[in-house]
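*Asks:* Here it is, the structure, as structure tokens.
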Amino acid sequence: MGFLKGMIIIFLTLWCTAIVVAAERSDIQFTKQPEIQQVRPQKPVKIKLHRNAKGEYSWDLNGDNVDEIVNTDKKLRRLLKIQ
């Protein structure tokens, strides 16, 4: 009987200690991190280059980003020296 009483006392002591520790930790606040937005990879500008019978060049540009299309057009005009 002495062993059983000792075990019960130890169990109740540990149980009460756990309740006190849990009560002290109840003031901890958890913050949720904002969701990470998935970034879609940019599609490259597609260029269809045409050359007519006179040897003059023209092209069609397709893409998602307007700034990239404009920059590509400037580069083509500079490389082909078209004003």
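Residue numbers start at 1 in each chain; chains themselves are named A, B, ... in the order of the structure tokens; ligands are numbered from 1 in the order shown.
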DSSP on the backbone, then: every residue of range 1-81 of chain A marked strand (DSSP E or B), written as a ChimeraX atom specification.
*Replies:* /A:46-51,57-62
*Asks:* What's the 9 Å shell around Thr72 in chain A, counting only C-alpha atoms, without same-chain residues fewer than 5 positions away, as a compact mmCIF listing (two decimals) with N, CA, C and O atoms, in the first residue's frame?
*Replies:*
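As a result, out.txt now contains:
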# COMPACT_ATOMS: atom_id res chain seq x y z
N VAL A 45 9.68 36.75 -74.86
CA VAL A 45 9.03 37.41 -75.99
C VAL A 45 9.29 36.54 -77.23
O VAL A 45 10.43 36.15 -77.51
N ILE A 47 9.46 36.15 -81.20
CA ILE A 47 9.74 37.01 -82.34
C ILE A 47 9.54 36.21 -83.62
O ILE A 47 10.10 35.13 -83.78
N LEU A 61 5.90 40.61 -82.60
CA LEU A 61 6.33 40.32 -81.24
C LEU A 61 5.12 39.91 -80.41
O LEU A 61 4.09 40.59 -80.42
N ASP A 67 6.59 45.73 -71.21
CA ASP A 67 7.92 46.35 -71.13
C ASP A 67 8.97 45.51 -71.86
O ASP A 67 9.83 46.05 -72.55
N ARG A 77 15.40 47.02 -83.61
CA ARG A 77 15.59 48.20 -84.44
C ARG A 77 17.05 48.64 -84.43
O ARG A 77 17.59 49.03 -85.47
*Asks:* Please identify all polymer residues within 12 Å of range 49-58 of chain A, counting only C-alpha atoms, omitting same-chain residues fewer than 2 positions from it, and present them as a PyMOL selection string.
*Replies:* chain A and resi 46-47+60-62+73+76-77+79-83
*Asks:* Please write the residues from the selection above to a file, keeping C-alpha atoms, as a short mmCIF file (atom, residue, chain, number, x, y, z; two decimals), in the first residue's frame.
*Replies:*
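File produced: out-v7.cif:
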data_model
loop_
_atom_site.label_atom_id
_atom_site.label_comp_id
_atom_site.auth_asym_id
_atom_site.auth_seq_id
_atom_site.Cartn_x
_atom_site.Cartn_y
_atom_site.Cartn_z
CA LYS A 46 8.36 35.45 -79.18
CA ILE A 47 9.74 37.01 -82.34
CA ASP A 60 5.78 40.29 -85.00
CA LEU A 61 6.33 40.32 -81.24
CA ASN A 62 4.19 38.34 -78.76
CA ASP A 73 11.54 46.01 -80.31
CA LEU A 76 15.76 44.69 -82.96
CA ARG A 77 15.59 48.20 -84.44
CA LEU A 79 20.54 45.62 -84.41
CA LEU A 80 18.89 45.87 -87.83
CA LYS A 81 19.45 49.66 -87.98
CA ILE A 82 15.82 50.47 -88.77
CA GLN A 83 14.53 53.94 -87.95
#
